[in-house]
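As provided, start.txt (compact mmCIF, C-alpha atoms) reads as follows.
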# COMPACT_ATOMS: atom_id res chain seq x y z
CA MET A 519 -38.86 77.96 140.71
CA THR A 520 -35.09 77.80 140.38
CA LEU A 521 -35.22 78.82 136.73
CA ALA A 522 -37.59 81.69 137.46
CA LEU A 523 -35.21 83.10 140.06
CA ALA A 524 -31.93 82.37 138.29
CA TYR A 525 -31.39 85.98 137.24
CA PRO A 526 -29.70 88.08 138.39
CA PRO A 527 -26.87 86.01 139.89
CA PRO A 528 -25.28 86.82 143.28
CA PRO A 529 -22.84 89.75 143.44
CA LYS A 530 -19.59 89.27 141.53
CA GLY A 531 -17.00 87.54 143.67
CA THR A 532 -19.52 85.64 145.81
CA MET A 533 -18.24 82.17 146.72
CA VAL A 534 -20.90 79.43 146.75
CA THR A 535 -19.87 76.06 148.16
CA PRO A 536 -22.14 73.01 148.59
CA THR A 537 -21.83 71.70 152.14
CA THR A 538 -23.57 69.82 154.90
CA ILE A 539 -24.10 71.12 158.42
CA GLY A 540 -25.49 68.96 161.16
CA GLY A 541 -26.18 66.39 158.45
CA VAL A 542 -28.31 68.85 156.49
CA ARG A 543 -27.49 69.81 152.91
CA ALA A 544 -26.80 73.50 152.46
CA GLU A 545 -24.91 76.14 150.52
CA ASP A 546 -22.14 78.14 152.17
CA ILE A 547 -22.48 81.54 150.52
CA ARG A 548 -19.76 84.11 151.12
CA PRO A 549 -20.21 87.49 149.47
CA PRO A 550 -16.92 89.36 149.03
CA GLY A 551 -15.58 91.13 152.10
CA VAL A 552 -18.10 89.91 154.69
CA ALA A 553 -17.12 89.02 158.27
CA GLU A 554 -16.88 85.23 158.28
CA SER A 555 -17.41 84.99 162.05
CA ARG A 556 -20.95 86.37 161.60
CA VAL A 557 -23.42 83.87 160.17
CA LEU A 558 -26.87 84.16 158.66
CA LEU A 559 -28.63 80.78 158.83
CA TYR A 560 -31.30 80.98 156.14
CA ALA A 561 -34.43 78.90 155.45
CA HIS A 562 -35.94 79.36 151.99
CA GLY A 563 -39.65 79.74 151.30
CA GLY A 564 -41.86 77.53 149.17
CA GLY A 565 -44.62 76.20 151.39
CA TYR A 566 -42.38 73.52 152.93
CA ALA A 567 -42.74 71.70 149.61
CA VAL A 568 -40.76 73.55 146.90
CA GLY A 569 -37.74 75.83 146.65
CA SER A 570 -34.09 75.31 147.50
CA ALA A 571 -30.91 77.03 148.54
CA ARG A 572 -30.15 77.43 144.83
CA SER A 573 -33.45 79.16 144.04
CA HIS A 574 -32.82 81.73 146.79
CA ARG A 575 -29.10 82.19 146.19
CA ALA A 576 -29.24 85.76 144.88
CA LEU A 577 -31.62 86.90 147.63
CA VAL A 578 -29.59 85.50 150.51
CA ALA A 579 -26.35 86.82 149.04
CA ALA A 580 -27.87 90.31 148.98
CA ILE A 581 -29.05 89.99 152.57
CA GLY A 582 -25.71 88.56 153.70
CA THR A 583 -23.77 91.35 152.01
CA ALA A 584 -25.84 94.00 153.77
CA ALA A 585 -25.64 92.16 157.11
CA ASP A 586 -21.85 91.73 156.76
CA ALA A 587 -22.22 87.99 157.33
CA ARG A 588 -21.63 84.76 155.48
CA VAL A 589 -24.74 82.70 154.80
CA ILE A 590 -25.56 79.08 155.43
CA SER A 591 -28.59 78.54 153.19
CA LEU A 592 -30.37 75.30 154.10
CA ASP A 593 -31.78 72.63 151.81
CA TYR A 594 -33.95 71.31 154.62
CA ARG A 595 -36.19 68.30 154.03
CA MET A 596 -39.66 69.07 152.67
CA GLY A 597 -43.09 67.49 152.29
CA PRO A 598 -44.75 65.43 151.20
CA GLU A 599 -41.79 63.01 151.28
CA HIS A 600 -40.52 64.43 154.58
CA PRO A 601 -43.41 66.00 156.54
CA TYR A 602 -43.25 67.86 159.84
CA PRO A 603 -41.13 67.82 161.98
CA ALA A 604 -38.34 67.06 159.50
CA ALA A 605 -37.80 70.70 158.50
CA VAL A 606 -37.71 71.88 162.12
CA ASP A 607 -35.31 69.08 163.06
CA ASP A 608 -33.02 70.10 160.19
CA GLY A 609 -33.03 73.75 161.23
CA LEU A 610 -32.16 72.78 164.80
CA ALA A 611 -29.39 70.42 163.70
CA ALA A 612 -27.79 73.10 161.54
CA TYR A 613 -27.92 75.75 164.27
CA ARG A 614 -26.52 73.37 166.87
CA GLU A 615 -23.66 72.42 164.56
CA LEU A 616 -22.77 76.09 164.02
CA VAL A 617 -22.57 76.55 167.79
CA ALA A 618 -20.57 73.33 168.16
CA GLN A 619 -18.12 74.66 165.56
CA GLY A 620 -17.50 77.64 167.82
CA VAL A 621 -19.72 80.29 166.26
CA ASP A 622 -20.92 82.60 169.04
CA PRO A 623 -24.76 82.69 169.11
CA SER A 624 -24.50 86.47 169.46
CA ARG A 625 -23.07 86.43 165.93
CA ILE A 626 -25.81 84.22 164.44
CA ALA A 627 -29.02 85.42 162.79
CA ILE A 628 -31.72 83.00 161.67
CA ALA A 629 -33.94 84.22 158.86
CA GLY A 630 -36.29 83.04 156.16
CA ASP A 631 -39.07 83.99 153.79
CA SER A 632 -42.67 82.74 153.78
CA ALA A 633 -42.60 79.14 155.06
CA GLY A 634 -38.93 79.68 155.86
CA ALA A 635 -39.94 82.53 158.15
CA GLY A 636 -42.34 80.22 159.94
CA LEU A 637 -39.53 77.69 160.21
CA THR A 638 -37.26 80.39 161.65
CA LEU A 639 -39.76 81.00 164.44
CA ALA A 640 -40.24 77.27 165.02
CA VAL A 641 -36.50 76.70 165.46
CA ALA A 642 -36.23 79.62 167.88
CA LEU A 643 -39.18 78.29 169.90
CA ARG A 644 -37.60 74.85 170.18
CA LEU A 645 -34.28 76.37 171.28
CA ARG A 646 -36.06 78.41 173.94
CA GLU A 647 -37.93 75.33 175.17
CA THR A 648 -34.70 73.34 175.58
CA GLY A 649 -32.86 76.22 177.27
CA GLU A 650 -30.20 76.51 174.58
CA ALA A 651 -28.42 79.73 173.66
CA LEU A 652 -30.58 81.74 171.28
CA PRO A 653 -29.39 83.56 168.15
CA ALA A 654 -28.95 87.31 168.25
CA VAL A 655 -31.86 88.12 165.95
CA LEU A 656 -34.57 86.59 163.75
CA GLY A 657 -35.43 87.85 160.26
CA LEU A 658 -38.89 87.25 158.79
CA ILE A 659 -39.94 88.02 155.22
CA CYS A 660 -43.70 87.75 154.57
CA PRO A 661 -44.08 85.01 157.22
CA TRP A 662 -46.55 82.11 157.04
CA PRO A 663 -47.16 81.53 160.77
CA ASP A 664 -50.67 80.04 160.70
CA LEU A 665 -51.35 76.77 158.86
CA THR A 666 -54.76 76.14 160.44
CA PRO A 667 -57.81 75.86 158.12
CA GLY A 668 -59.55 78.72 159.93
CA ALA A 669 -56.82 81.12 158.91
CA HIS A 670 -58.20 81.35 155.38
CA VAL A 671 -61.52 82.70 156.66
CA ARG A 672 -59.76 85.23 158.89
CA ARG A 673 -57.53 86.49 156.10
CA GLY A 674 -60.23 86.97 153.50
CA PRO A 675 -59.45 87.41 149.80
CA ALA A 676 -56.31 89.13 148.52
CA PRO A 677 -57.11 89.64 144.84
CA ARG A 678 -54.04 91.79 144.22
CA ASP A 679 -51.54 89.16 145.41
CA ALA A 680 -50.11 87.69 142.23
CA ALA A 681 -47.84 85.21 144.01
CA LEU A 682 -50.01 83.28 146.45
CA THR A 683 -53.60 82.02 146.82
CA ALA A 684 -55.58 80.40 149.61
CA ASP A 685 -55.85 77.21 147.54
CA LEU A 686 -52.09 76.99 147.19
CA LEU A 687 -51.64 77.48 150.93
CA ILE A 688 -54.07 74.64 151.60
CA ARG A 689 -52.17 72.34 149.23
CA PHE A 690 -48.84 73.24 150.83
CA ALA A 691 -50.19 72.62 154.33
CA ASP A 692 -51.60 69.24 153.27
CA ALA A 693 -48.20 68.26 151.88
CA TYR A 694 -46.35 69.34 155.04
CA LEU A 695 -48.61 67.94 157.76
CA PRO A 696 -48.77 64.25 158.66
CA SER A 697 -52.21 62.70 158.87
CA GLY A 698 -53.86 63.56 162.18
CA GLN A 699 -51.35 66.27 163.09
CA ASP A 700 -52.80 69.32 164.85
CA PRO A 701 -51.92 72.32 162.65
CA ALA A 702 -52.15 74.61 165.68
CA GLU A 703 -49.03 73.03 167.19
CA PRO A 704 -46.80 76.07 167.91
CA THR A 705 -43.82 74.79 165.93
CA ILE A 706 -46.13 74.36 162.92
CA SER A 707 -48.17 77.53 163.43
CA PRO A 708 -46.08 79.90 165.59
CA MET A 709 -49.01 82.30 165.62
CA PHE A 710 -50.32 80.20 168.52
CA ALA A 711 -47.07 80.17 170.47
CA ASP A 712 -46.13 82.21 173.50
CA LEU A 713 -43.42 84.35 171.93
CA ALA A 714 -42.00 85.70 175.19
CA GLY A 715 -38.26 85.28 175.49
CA LEU A 716 -37.51 85.12 171.78
CA PRO A 717 -34.68 87.19 170.30
CA PRO A 718 -35.37 90.53 168.58
CA ILE A 719 -37.30 90.16 165.34
CA VAL A 720 -36.92 92.12 162.11
CA MET A 721 -39.95 91.54 159.88
CA HIS A 722 -40.96 92.73 156.41
CA SER A 723 -44.41 92.30 154.87
CA GLY A 724 -46.23 93.34 151.71
CA GLY A 725 -49.45 95.32 151.81
CA ASP A 726 -51.10 93.25 149.07
CA ASP A 727 -49.83 89.93 150.42
CA ILE A 728 -52.54 87.42 151.27
CA LEU A 729 -50.56 86.91 154.49
CA ALA A 730 -50.36 90.61 155.39
CA SER A 731 -52.81 90.18 158.27
CA ASP A 732 -50.68 87.34 159.64
CA ALA A 733 -47.71 89.69 159.88
CA ARG A 734 -49.76 92.33 161.67
CA GLU A 735 -51.14 89.81 164.15
CA LEU A 736 -47.70 88.31 164.70
CA GLU A 737 -46.37 91.77 165.52
CA LYS A 738 -49.13 92.27 168.11
CA ARG A 739 -48.40 88.92 169.74
CA ALA A 740 -44.68 89.56 169.79
CA ARG A 741 -45.14 92.93 171.45
CA ALA A 742 -47.56 91.40 173.97
CA GLY A 743 -44.81 88.90 174.84
CA GLY A 744 -42.25 91.66 175.35
CA VAL A 745 -40.29 90.81 172.19
CA ASP A 746 -38.37 93.61 170.48
CA ILE A 747 -39.85 93.62 166.97
CA GLU A 748 -39.21 95.94 164.03
CA HIS A 749 -41.89 95.55 161.36
CA ARG A 750 -41.75 97.32 158.03
CA ALA A 751 -44.82 96.96 155.80
CA TYR A 752 -44.40 97.80 152.11
CA ASP A 753 -47.65 99.12 150.67
CA GLY A 754 -48.78 97.74 147.32
CA LEU A 755 -46.36 94.80 147.33
CA TRP A 756 -47.21 91.13 146.99
CA HIS A 757 -46.10 88.00 148.84
CA ASP A 758 -42.33 87.43 148.94
CA PHE A 759 -41.63 90.42 146.69
CA HIS A 760 -38.03 90.43 147.96
CA LEU A 761 -37.30 87.64 145.49
CA PHE A 762 -38.00 90.09 142.65
CA SER A 763 -36.37 93.16 144.20
CA PRO A 764 -33.73 93.49 141.42
CA PHE A 765 -36.60 94.38 139.06
CA LEU A 766 -38.24 96.87 141.45
CA SER A 767 -37.36 100.48 142.14
CA GLY A 768 -37.33 102.63 145.25
CA PRO A 769 -37.62 101.17 148.76
CA SER A 770 -39.04 97.86 147.51
CA GLY A 771 -35.96 97.32 145.34
CA ASP A 772 -33.75 97.87 148.38
CA ALA A 773 -35.81 95.64 150.71
CA PRO A 774 -33.30 92.73 150.98
CA GLN A 775 -30.49 95.16 151.74
CA GLU A 776 -32.65 96.97 154.30
CA LEU A 777 -33.43 93.69 156.02
CA GLY A 778 -29.77 92.72 155.99
CA ARG A 779 -28.67 96.03 157.49
CA ALA A 780 -31.26 95.70 160.26
CA LEU A 781 -30.07 92.18 161.04
CA GLY A 782 -26.44 93.25 160.93
CA ARG A 783 -27.03 96.00 163.50
CA ARG A 784 -28.11 93.31 165.97
CA LEU A 785 -25.24 90.89 165.34
CA GLY A 786 -22.15 90.85 167.48
CA PRO A 787 -18.96 92.32 166.00
CA GLY A 788 -17.03 90.20 163.55

Show me this structure written as structure tokens.
Amino acid sequence: MTLALAYPPPPKGTMVTPTTIGGVRAEDIRPPGVAESRVLLYAHGGGYAVGSARSHRALVAAIGTAADARVISLDYRMGPEHPYPAAVDDGLAAYRELVAQGVDPSRIAIAGDSAGAGLTLAVALRLRETGEALPAVLGLICPWPDLTPGAHVRRGPAPRDAALTADLLIRFADAYLPSGQDPAEPTISPMFADLAGLPPIVMHSGGDDILASDARELEKRARAGGVDIEHRAYDGLWHDFHLFSPFLSGPSGDAPQELGRALGRRLGPG
């Protein structure tokens, strides 16, 4: 996955520094000229089983540049070696450390793609439950918010999605979930959570994504909970197409920048 996404590199002048935050391995990614007091905490996709900060480096640098924010891109623990709730615990630890370091929550965005988008929601739900200060905004790219077996029947086939299949989702879920764990637990499948009280959400989805219906349903549930949500659906695009945006033209090629600008508008001033 890292090799497949190695090109193009982040924008010239981007500083990438390995770090740890809250005991979690991460990359501190600083595109040139961004406001360092504004932070994008990013969780990569990969079904909670593959992917890394390195594989998503170019994507998060593009989003951070457009959001005018430095990025902390997490290498959270993954299954099957580290099943749920390890990834959620890592996301919480990193966010809490940012706040402890003095970063104002109004200047923090949490975002992610695919499984990372589900993790973004899970972290926000846990913060709400514990009464902690919430980030300013959440960013979701092609979210995977429903890991229950019944979801595959509801979604139906997506023959035009070249990136993801129902079988792969089943394998990822099996790797992530401990034996006997209820997959409908809200911090595993945020689709089943009460979303009221969450920060504003900026969400992108692809029309040919096997998870397109999940994004639509998540939007409905967010609106029902009174959450401010901005959802842009890109017709004819597959799951996680943002990773390949440098090779696309038109609005789809600008999708990471569009997401970053939307997040940046909701962040406090640097």

_List as a list of chain:residue names the protein and nucleic acid residues near Pro663 of chain A, meaning an atom at most 6 Å away when only C-alpha atoms are counted, but skip any in the same chain fewer than 4 places from it._
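After dropping sequence-adjacent residues, the list is A:Gly636, A:Ser707, A:Pro708, A:Met709.
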
*Taking into account all atoms listed in the file, which residue in the set A:Pro603, A:Asp772, A:Tyr613, A:Gly782 is nearest to Glu703 of chain A?*
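Closest residue, counting all atoms listed in the file: A:Pro603.
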
*Computed interatomic separation between atom CA of Ser591 of chain A and atom CA of Leu695 of chain A (Å)*: 23.1 Å

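Among the candidates A:Ala584, A:Leu777, A:Ala571, A:Asp607, the one nearest to Thr537 of chain A when counting all atoms listed in the file is A:Ala571.
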
*Go through A:Gly649, A:Pro598, A:Pro528, A:Pro661 one by one, measure the shortest atom-to-atom distance of each to Gly630 of chain A using all atoms listed in the file, and give the residue with the smallest value.*
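Looking only at the distances to Gly630 of chain A, the closest residue turns out to be A:Pro661.
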
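The spacing separating atom CA of Ala702 of chain A from atom CA of Leu665 of chain A amounts to 7.2 Å.
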
*atom CA of Lys738 of chain A to atom CA of Leu713 of chain A, distance in Å rounded to a single decimal*: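 The value is 10.5 Å.
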
_Test item: residues at most 12 Å from Ala640 of chain A, all atoms listed in the file, excluding those fewer than 4 positions along its chain, as a PyMOL selection string_ = chain A and resi 561+602-610+628-630+633-636+644-647+656+658+661-664+703-713+716

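Distances to Asp593 of chain A were evaluated for A:Val552, A:Leu616, A:Ala544, A:Ile581 using all atoms listed in the file, and the minimum falls at A:Ala544.
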
Could you make a table, as JSON lines, of the residues of segment 575-692 of chain A that have an atom within 7 Å of an atom of segment 748-761 of chain A, each with its nearest atom pair and distance in Å to one decimal, counting all atoms listed in the file, in chain and number order?
{"residue": "A:Leu577", "atom": "CA", "partner": "A:Leu761", "partner_atom": "CA", "distance": 6.1}
{"residue": "A:Asp631", "atom": "CA", "partner": "A:Asp758", "partner_atom": "CA", "distance": 6.8}
{"residue": "A:Ser632", "atom": "CA", "partner": "A:Asp758", "partner_atom": "CA", "distance": 6.7}
{"residue": "A:Ile659", "atom": "CA", "partner": "A:Asp758", "partner_atom": "CA", "distance": 6.7}
{"residue": "A:Cys660", "atom": "CA", "partner": "A:Asp758", "partner_atom": "CA", "distance": 5.8}
{"residue": "A:Asp679", "atom": "CA", "partner": "A:Trp756", "partner_atom": "CA", "distance": 5.0}
{"residue": "A:Ala680", "atom": "CA", "partner": "A:Trp756", "partner_atom": "CA", "distance": 6.5}
{"residue": "A:Ala681", "atom": "CA", "partner": "A:His757", "partner_atom": "CA", "distance": 5.8}
{"residue": "A:Leu682", "atom": "CA", "partner": "A:His757", "partner_atom": "CA", "distance": 6.6}

_Pick from A:Val589, A:Ala611, A:Ala714, A:Ala654 nearest to Pro623 of chain A, counting only C-alpha atoms_ =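 Result for the nearest residue to Pro623 of chain A: A:Ala654.
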